[in-house]
Amino acid sequence: MSLVDHLPILIIIIPLIAAPLCVLFDSAKASWLLALAACISSFIGSIKLLNTITLSGPISYSLGGWQPPWGIEYRLDLLSIILLLLLTSIASLVVLFARYSVEQEISKNRIVPFYATLLLAIAGLSGICISGDVFNLFVFLEISSIASYTLISLGKDRRALNAAFKYLVMGTIGATFILIGIGFLYMQTGTLNMQDLSERLPSLYDNRTIRAGFAFLTVGVCLKLALFPLHLWLPNAYAYAPSVVSAFLAATATKVAVYMLLRFLLTVFDFNFSLNTMPLDVILIALGSVAIVSSSLVAIFQVNLKRLLAYSSIAQLGYISLSIGLASKLGIASAIIHLFNHALMKGALFLALGAMIYKVGGAELKHCQGMLKRMPLTSLAIIIGGLSLIGIPGTAGFISKWSMINASLEAGLWPLALLILFGSLLAIIYVWKMVEAITLQPSTSTATAPLTRDEAPLTMLVPIWALVIANIYYGINTELTVSLAQRAANILVGGY
Amino acid sequence: MELSITLMLALLIVPLAVALTLPFFNSSPNLREAVTLLGSIVLLICAAMFYQTIDFENPPQLILAIPLPNYPILFSPDPLGIMFSLLVSTLWPITSLYAIGYMRQHKELNQTRFYCFFALSIAVTQAIALSGNMLTLFIFYEMLTLATFPLVTHAGSKQAKQAGRLYLGILMGTSIMFLLLATIWSANIAGTLAFQADGIFPADTDPLLLNILLLLFVFGTAKAALMPFHRWLPAAMVAPVPVSALLHAVAVVKAGVFTLLKVAIYLFGIDNISLLPAADFLAYLAGFTIVAASLIALKQDNIKARLAYSTIGQLSYIILGTMLATSSSIMGSSMHIVTHAFGKITLFFCAGAILLATHKTRVSELNGIGKQIPITLCCFTLAALSTIGLPPFAGMWSKWWLVQGTIESGQLILTASLLISSLLNLIYLLEIPLRAFFFQQSTTALTFKEPLSPHLLAIGTTTLLCLLLFLTPDPVYHLINLIDKGL
Amino acid sequence: MSNVAGLFNYWVVIFLMMAGFFVVISQGNLVKKIIGLSLFQASAFILYISIGHVSGGEVPIYVEGSNLYSNPLPHVLILTAIVVSVSTTAVGLAIIIRIKETYNTVEEDEIQVIDNRKDDEDEPVVVEEKHSSEYKEDRS
């Protein structure tokens, strides 16, 4: 077996080993380089895996050489690799960005542990995407969650502590629900392997224990996914976490939670049971709709831009769950498309805000004054990211909106199409609030903020603009997103 | 590559290239304006050559990208698109000439940004004109809103900011809420968005759905300023005069009605659209808008606001003709895009010239200024006559066909609305030269102050074009006849 | 009746779960919340261990002559889950310590009051590094 055959495990192992190495080196710069190297090699690995999977179908890897039903199986199909690609690419960009931002926002003696924790979070999240074993998935979930609690608590603002604690409580409850759900499934089937479960479960669909397990799993995952009304932990956590962490979590953590939802609903259980027999489709549509409208409305009134984006994230997750609730191939595909595109836009926006915090010292509306003159590239990134969030044609957001509306019209639910569009209208308002503050507010001539050009360093601009360009690229060329998402949806809906 | 494809690409790239190179000439205004002027002239030459070389039987097709399976970003012009593209290409050099004179004399700030976004707007308008399917049209329709937004808020004042909000809110709000929905819905029903001569919808489509779609399309295209979504146009008048003249009297608003014509002719099909009750409703709404806008215009004291309401009324002429969908009314509508453009741009140019020479923006202040700026006011009068639709000016032809269209379809109320509005046009437009030439000013006599300047040259050119188009409307007829043939 | 008694373990699970959940929701004291959370997690452990039991089964060690074992896998699984639970509790308590350092209280409502007061001033409150020197020593 060559090294390439071990790629599925390597992608997890590399960051996992890099984490303690960071602590051993005990130097901020060394650990930054190490983290960067780890993320980039994971990224390269996942590109390689993508090639293999698109050519020859899903990869199965038996951990430690134990054959699947007994040992833990790692299994990569199209959906996993889409998520993995997203995760590793964003992680690389975020780590590249992190260097100066972290130096400023996190006290010196915590920088090394910060990188170590970030790497643990990355390892945990990649593990979730790769694992084909439900209990193993739970363990990875907890690794990533505990790491994120710590990361959030490192925020400069002391409210970050409270936010981290709240997230810890709600996250742990969610994870325990998942644990209980897994227990119920194990009780009836005697297996933890997803393949085995999907084979054994159909005959047990009328079983009450299985149905209870299904409910526990769904609620637990929805807590992690911040589905309305289980979203209360999210706004503060994103608003007060260090900028790097906000960007990383917003772009990846909730997306991986959506992945878990899809995995449980469509692979472990099957499409018919999850979305037709169980009333989950109606629930997802209803909660998604409420999330879109209510969170967008709340976002309009935010002064802190990070908080504004956090509420917008809840709304976007509403779009995703609504699309899943449509219970059609197109719906699932558009959920996957939006999952990918939303990660790109939120990543770009949160990173741009991070650059703004680095230079201006805050991300509230009043800090935006004169931004366009002071940091033109960052401002432009915020504007383009915002346009993508609205769904202006030519950006990735448009593709998402198009496919979601198309899916809801195809399902014959035109009021949902209207609702999605109404959500975009609200997005125009809150995005334009940012854009207007950046472009039109004349800078007050305070002595503290001279109006010279003062752009963020290159290691910040590169990741921001990489994501911005990705936003435009995936708005024009959708070879990767749309066709892969459709294929993935076909596989998920049509059975494994 | 075929010559026509190269030229079509040039139509898109030339203004874009101008927009992208302008920021490098920030420090030398002369060079910057030379580049704009040069670019605009090159564009005009390209557009003329394109018109000469194009084969309408077999139009060039250019796929830029395929963002969604089956729905490419496709450029493939039809006669209507060529007409629109030619119109904008003709007016850009003239407006650039005007802008150079105006912006310098008016000492506007951030002129590089102004020229840059101006060129960008032209590029986007060309893309709209050349678009070969509804997705492409929608994409650039939306981009035009964004490209013109910095021009509307150019002054950066509080008023400009509020106008910008209204502008963006109405244009983008309606286009996302209605136009996008209509586009996706059509794609969902028909499986294609390509413009086809007899429409794309299958014959068994539910008529109720078609009615709803038509309403969504028309209300979604707020750039056509059909009431009740017209408020953005007067608000946009805070922009500098060249913007109001080329963009808010020609490019942006005409992009709106152009979209409607495209939708009516190539998505619904002329034969089908007249069968829909929604079309009748919209024709009457347009008739109402025509009269109401003229009445409001009568009450406006600010010259630009008066012209803006006049534009709203004139746009509804085109919507009315489109919705009646008879052969003469479509002809009138298509033609009105061109004829109104020349008239209205001259009127705006003159309004700007009045502002420059006398610093007056209100109609009530114009008493007796005719002696100061006679040339400007003469041109204003001639352009006003064209806009009203009197011979010997271009405006007559389009109005003729529109009136004939209403009579053909037996909608005499609409005929009446057209005639009443012409009368109102006469009153509110001619009030300006009347006051200027025949009313006495209370203060002492003023001197002639109308030196020959670039902007005066521009005014003269567009006035001449109004006259010329009355005498030789052949190129326009040629293109419009091609539309009628279903090409 | 036998059914109720036979499901004794599950009754305990439900009771612990509800008790833990109730504590998490009702208590304003952050430490008590963590205790409630641990209780909540513990209920899941008992659930797992209970389902591993096989009636009449023996200890899962190979003994001559017996064929019926309890299922060892849930025990193994739950060992992992316990580790997870312990780490969560540790992180939770660590955060509480820092909250205590910065807010000087561990009562949720008092923290809320302090935060709201700071909200009015509209300035982010930077965490003071009181114990940074101690922290450095710990690490070295």
# chains A, B, ... in the order shown; residues from 1 in each chain; ligands from 1
$ residues_around --residues "range 70-80 of chain B" --least-positions-apart "4" --cutoff "10 Å" --atoms "only C-alpha atoms" --output "compact mmCIF listing (two decimals) with N, CA, C and O atoms, in the first residue's frame"
# COMPACT_ATOMS: atom_id res chain seq x y z
N ILE A 476 -19.65 32.12 -12.21
CA ILE A 476 -19.62 32.07 -13.67
C ILE A 476 -19.36 30.66 -14.16
O ILE A 476 -20.04 30.16 -15.04
N ILE B 5 -18.18 38.43 -35.09
CA ILE B 5 -17.99 38.05 -33.70
C ILE B 5 -16.92 38.94 -33.06
O ILE B 5 -17.06 39.40 -31.93
N MET B 8 -18.49 42.20 -32.33
CA MET B 8 -19.41 42.13 -31.21
C MET B 8 -18.62 42.13 -29.91
O MET B 8 -18.97 42.81 -28.94
N LEU B 9 -17.53 41.38 -29.91
CA LEU B 9 -16.69 41.35 -28.72
C LEU B 9 -16.12 42.74 -28.45
O LEU B 9 -16.04 43.19 -27.30
N TYR B 51 -23.01 46.83 -37.61
CA TYR B 51 -24.30 46.94 -38.28
C TYR B 51 -24.17 46.61 -39.76
O TYR B 51 -25.03 45.95 -40.35
N ILE B 54 -23.23 42.57 -40.12
CA ILE B 54 -24.00 41.48 -39.51
C ILE B 54 -24.97 40.86 -40.51
O ILE B 54 -25.55 41.54 -41.35
N ASP B 55 -25.12 39.56 -40.38
CA ASP B 55 -26.06 38.82 -41.20
C ASP B 55 -27.21 38.40 -40.30
O ASP B 55 -27.08 37.54 -39.45
N PHE B 56 -28.36 39.05 -40.48
CA PHE B 56 -29.45 38.82 -39.53
C PHE B 56 -30.05 37.43 -39.64
O PHE B 56 -30.64 36.92 -38.71
N GLU B 57 -29.90 36.85 -40.84
CA GLU B 57 -30.43 35.49 -40.99
C GLU B 57 -29.68 34.53 -40.06
O GLU B 57 -30.22 33.54 -39.61
N ASN B 58 -28.45 34.91 -39.82
CA ASN B 58 -27.59 33.97 -39.13
C ASN B 58 -26.68 34.76 -38.17
O ASN B 58 -25.50 34.93 -38.43
N PRO B 59 -27.26 35.29 -37.10
CA PRO B 59 -26.50 36.21 -36.25
C PRO B 59 -25.36 35.50 -35.53
O PRO B 59 -25.43 34.30 -35.28
N PRO B 60 -24.28 36.25 -35.28
CA PRO B 60 -23.15 35.64 -34.58
C PRO B 60 -23.55 35.26 -33.15
O PRO B 60 -24.40 35.90 -32.55
N GLN B 61 -22.96 34.20 -32.68
CA GLN B 61 -23.26 33.76 -31.32
C GLN B 61 -21.97 33.66 -30.55
O GLN B 61 -20.97 33.17 -31.05
N LEU B 62 -22.01 34.12 -29.33
CA LEU B 62 -20.81 34.10 -28.52
C LEU B 62 -21.20 33.65 -27.11
O LEU B 62 -21.98 34.32 -26.44
N ILE B 63 -20.70 32.50 -26.72
CA ILE B 63 -20.99 32.02 -25.37
C ILE B 63 -19.82 32.37 -24.46
O ILE B 63 -18.69 31.97 -24.72
N LEU B 64 -20.11 33.15 -23.44
CA LEU B 64 -19.04 33.62 -22.56
C LEU B 64 -18.74 32.56 -21.50
O LEU B 64 -17.59 32.29 -21.19
N ALA B 65 -19.77 32.02 -20.93
CA ALA B 65 -19.61 31.01 -19.88
C ALA B 65 -20.93 30.29 -19.75
O ALA B 65 -21.95 30.74 -20.28
N ILE B 66 -20.91 29.17 -19.07
CA ILE B 66 -22.17 28.45 -18.84
C ILE B 66 -22.35 28.31 -17.34
O ILE B 66 -21.98 27.30 -16.76
N PHE B 84 -30.50 49.26 -30.38
CA PHE B 84 -30.21 49.81 -29.06
C PHE B 84 -28.70 50.06 -28.91
O PHE B 84 -28.28 51.12 -28.44
N SER B 85 -27.92 49.08 -29.36
CA SER B 85 -26.47 49.21 -29.25
C SER B 85 -25.96 50.39 -30.07
O SER B 85 -25.13 51.18 -29.61
N LEU B 86 -26.51 50.53 -31.27
CA LEU B 86 -26.11 51.66 -32.13
C LEU B 86 -26.47 52.98 -31.46
O LEU B 86 -25.69 53.94 -31.47
N ALA B 127 -23.83 45.09 -23.30
CA ALA B 127 -24.07 43.67 -23.01
C ALA B 127 -25.57 43.39 -22.99
O ALA B 127 -26.03 42.35 -23.48
N ILE B 128 -26.35 44.31 -22.43
CA ILE B 128 -27.81 44.13 -22.42
C ILE B 128 -28.32 44.08 -23.85
O ILE B 128 -29.12 43.22 -24.22
N ALA B 129 -27.83 45.02 -24.66
CA ALA B 129 -28.33 45.10 -26.03
C ALA B 129 -28.02 43.84 -26.81
O ALA B 129 -28.82 43.40 -27.62
N LEU B 130 -26.87 43.25 -26.54
CA LEU B 130 -26.44 42.12 -27.35
C LEU B 130 -26.86 40.77 -26.78
O LEU B 130 -26.62 39.74 -27.39
N SER B 131 -27.49 40.78 -25.61
CA SER B 131 -27.71 39.51 -24.93
C SER B 131 -28.62 38.60 -25.74
O SER B 131 -29.55 39.05 -26.40
N GLY B 132 -28.31 37.32 -25.67
CA GLY B 132 -29.00 36.36 -26.51
C GLY B 132 -30.00 35.51 -25.77
O GLY B 132 -30.72 34.72 -26.35
N ASN B 133 -30.02 35.61 -24.44
CA ASN B 133 -31.09 34.92 -23.71
C ASN B 133 -31.43 35.72 -22.46
O ASN B 133 -30.77 36.70 -22.12
N MET B 134 -32.49 35.29 -21.80
CA MET B 134 -33.03 36.07 -20.69
C MET B 134 -32.07 36.08 -19.49
O MET B 134 -31.99 37.06 -18.77
N LEU B 135 -31.33 34.99 -19.31
CA LEU B 135 -30.40 34.95 -18.17
C LEU B 135 -29.34 36.03 -18.35
O LEU B 135 -29.06 36.80 -17.43
N THR B 136 -28.77 36.10 -19.55
CA THR B 136 -27.75 37.12 -19.82
C THR B 136 -28.32 38.51 -19.62
O THR B 136 -27.71 39.37 -18.98
N LEU B 137 -29.52 38.70 -20.14
CA LEU B 137 -30.17 40.00 -20.01
C LEU B 137 -30.35 40.35 -18.54
O LEU B 137 -30.04 41.45 -18.10
N ILE B 139 -28.71 39.21 -15.93
CA ILE B 139 -27.42 39.44 -15.26
C ILE B 139 -26.96 40.87 -15.49
O ILE B 139 -26.61 41.59 -14.55
N ALA B 187 -37.91 29.62 -17.02
CA ALA B 187 -36.95 28.56 -17.29
C ALA B 187 -37.53 27.22 -16.85
O ALA B 187 -37.40 26.20 -17.52
N GLY B 191 -38.01 25.34 -20.03
CA GLY B 191 -36.76 24.60 -20.17
C GLY B 191 -35.72 25.34 -20.98
O GLY B 191 -34.64 24.82 -21.25
N THR B 192 -36.04 26.55 -21.37
CA THR B 192 -35.05 27.36 -22.11
C THR B 192 -35.33 28.82 -21.82
O THR B 192 -36.43 29.17 -21.40
N LEU B 193 -34.32 29.65 -22.03
CA LEU B 193 -34.52 31.09 -21.88
C LEU B 193 -34.06 31.81 -23.14
O LEU B 193 -33.96 33.03 -23.17
N ALA B 194 -33.74 31.04 -24.17
CA ALA B 194 -33.24 31.66 -25.40
C ALA B 194 -34.35 32.47 -26.05
O ALA B 194 -35.51 32.08 -26.03
N PHE B 195 -33.98 33.62 -26.61
CA PHE B 195 -34.98 34.44 -27.27
C PHE B 195 -35.35 33.80 -28.60
O PHE B 195 -34.51 33.57 -29.46
N PHE B 258 -36.39 48.10 -23.29
CA PHE B 258 -35.80 47.12 -24.19
C PHE B 258 -36.05 45.71 -23.65
O PHE B 258 -36.44 44.79 -24.40
N LEU B 261 -39.60 44.81 -24.31
CA LEU B 261 -39.83 44.45 -25.71
C LEU B 261 -39.30 43.06 -26.00
O LEU B 261 -39.96 42.25 -26.65
N LYS B 262 -38.11 42.79 -25.50
CA LYS B 262 -37.51 41.47 -25.71
C LYS B 262 -38.40 40.39 -25.13
O LYS B 262 -38.65 39.36 -25.77
N SER B 334 -40.55 50.40 -30.78
CA SER B 334 -39.13 50.24 -31.08
C SER B 334 -38.56 51.56 -31.53
O SER B 334 -37.47 51.97 -31.14
N MET B 335 -39.33 52.24 -32.34
CA MET B 335 -38.85 53.49 -32.89
C MET B 335 -38.75 54.55 -31.82
O MET B 335 -37.83 55.38 -31.81
N ILE B 337 -37.92 54.23 -28.86
CA ILE B 337 -36.67 54.09 -28.11
C ILE B 337 -35.62 55.03 -28.68
O ILE B 337 -34.93 55.73 -27.95
N VAL B 476 -33.38 53.01 -39.13
CA VAL B 476 -34.23 52.53 -38.05
C VAL B 476 -35.35 51.67 -38.61
O VAL B 476 -35.64 50.58 -38.10
N HIS B 478 -35.34 50.02 -41.31
CA HIS B 478 -34.76 48.78 -41.80
C HIS B 478 -34.69 47.75 -40.66
O HIS B 478 -35.14 46.61 -40.81
N LEU B 479 -34.15 48.19 -39.54
CA LEU B 479 -34.00 47.27 -38.41
C LEU B 479 -35.36 46.84 -37.88
O LEU B 479 -35.58 45.67 -37.58
N ILE B 480 -36.29 47.81 -37.80
CA ILE B 480 -37.58 47.47 -37.21
C ILE B 480 -38.35 46.52 -38.11
O ILE B 480 -39.02 45.60 -37.64
N ASN B 481 -38.22 46.72 -39.41
CA ASN B 481 -38.88 45.78 -40.32
C ASN B 481 -38.36 44.37 -40.16
O ASN B 481 -39.10 43.41 -40.28
N LEU B 482 -37.08 44.29 -39.84
CA LEU B 482 -36.51 42.97 -39.61
C LEU B 482 -37.14 42.31 -38.39
O LEU B 482 -37.39 41.11 -38.38
N ILE B 483 -37.41 43.13 -37.36
CA ILE B 483 -38.07 42.56 -36.17
C ILE B 483 -39.42 42.02 -36.58
O ILE B 483 -39.84 40.93 -36.20
N ASP B 484 -40.12 42.81 -37.41
CA ASP B 484 -41.45 42.44 -37.80
C ASP B 484 -41.44 41.14 -38.59
O ASP B 484 -42.37 40.34 -38.50
N GLY B 486 -39.77 38.77 -37.97
CA GLY B 486 -39.56 37.67 -37.05
C GLY B 486 -38.14 37.16 -37.02
O GLY B 486 -37.88 35.99 -36.79
N LEU B 487 -37.21 38.05 -37.27
CA LEU B 487 -35.82 37.61 -37.24
C LEU B 487 -35.19 37.91 -35.89
O LEU B 487 -35.66 38.72 -35.14
$ residues_around --residues "Ala90 in chain C" --least-positions-apart "2" --cutoff "12 Å" --atoms "only C-alpha atoms" --output "PyMOL selection string"
(chain A and resi 146+149-150+165+168) or (chain C and resi 31+34-35+37-38+83-88+92-97)
$ interface_residues --of "chain A" --to "chain B" --cutoff "10 Å" --atoms "only C-alpha atoms" --output "VMD selection string"
chain A and resid 387 390 to 396 398 to 399 401 to 403 405 to 407 409 to 410 414 417 to 426 428 to 429 432 to 433 436 439 to 442 473 to 479 482 to 483
$ atom_distance --atom1 "CA of Leu315 in chain B" --atom2 "CA of Ala292 in chain B"
12.6 Å
$ atom_distance --atom1 "CA of Asp270 in chain A" --atom2 "CA of Gln195 in chain A"
11.5 Å
$ closest_residue --among "A:Pro376, A:Gly354, A:Gly347, A:Gly190" --to "chain C" --atoms "only C-alpha atoms"
A:Gly190
$ select_by_dssp --residues "range 19-114 of chain C" --states "helix (DSSP H, G or I)" --output "count of residues only"
69
$ residues_around --residues "His53 in chain C" --least-positions-apart "5" --cutoff "12 Å" --atoms "only C-alpha atoms" --output "list of chain:residue names"
A:Met187, C:Asn9, C:Ile46, C:Leu47, C:Tyr48, C:Glu58, C:Val59, C:Pro60, C:Leu68, C:Tyr69, C:Ser70, C:Asn71, C:Pro72, C:Leu73, C:Pro74, C:His75
$ atom_distance --atom1 "CA of Ser328 in chain A" --atom2 "CA of Ala253 in chain A"
24.9 Å
$ residues_around --residues "Ala19 in chain C" --least-positions-apart "3" --cutoff "9 Å" --atoms "only C-alpha atoms" --output "list in words"
Ile14, Phe15, Leu16, Phe22, Val23, Val24, Gly36, Leu39 and Phe40 of chain C
$ interface_residues --of "chain A" --to "chain C" --cutoff "6 Å" --atoms "only C-alpha atoms" --output "list in words"
Lys156, Asp157, Arg158 and Ile180 of chain A
$ write_last_selection --atoms "all heavy atoms" --output "tab-separated table (two decimals), in the first residue's frame"
chain	number	residue	atom	x	y	z
A	156	LYS	N	-10.95	38.72	22.25
A	156	LYS	CA	-10.40	39.85	23.00
A	156	LYS	C	-11.45	40.43	23.93
A	156	LYS	O	-11.17	40.79	25.07
A	156	LYS	CB	-9.99	40.91	21.97
A	156	LYS	CG	-8.94	41.85	22.39
A	156	LYS	CD	-8.57	42.62	21.13
A	156	LYS	CE	-7.65	43.76	21.41
A	156	LYS	NZ	-7.45	44.55	20.20
A	157	ASP	N	-12.65	40.54	23.42
A	157	ASP	CA	-13.75	41.07	24.20
A	157	ASP	C	-14.13	40.04	25.26
A	157	ASP	O	-14.20	38.86	24.95
A	157	ASP	CB	-14.92	41.32	23.25
A	157	ASP	CG	-16.02	42.11	23.91
A	157	ASP	OD1	-16.43	41.71	25.01
A	157	ASP	OD2	-16.45	43.11	23.33
A	158	ARG	N	-14.40	40.50	26.48
A	158	ARG	CA	-14.65	39.50	27.51
A	158	ARG	C	-15.99	38.81	27.33
A	158	ARG	O	-16.24	37.76	27.90
A	158	ARG	CB	-14.55	40.11	28.89
A	158	ARG	CG	-15.64	41.10	29.20
A	158	ARG	CD	-15.48	41.52	30.63
A	158	ARG	NE	-16.38	42.61	30.95
A	158	ARG	CZ	-16.32	43.25	32.09
A	158	ARG	NH1	-15.40	42.96	32.97
A	158	ARG	NH2	-17.17	44.22	32.34
A	180	ILE	N	-27.05	9.72	22.28
A	180	ILE	CA	-28.21	8.91	22.66
A	180	ILE	C	-28.85	8.31	21.41
A	180	ILE	O	-29.21	7.13	21.36
A	180	ILE	CB	-29.23	9.76	23.45
A	180	ILE	CG1	-28.62	10.17	24.79
A	180	ILE	CG2	-30.51	8.98	23.68
A	180	ILE	CD1	-29.41	11.21	25.52
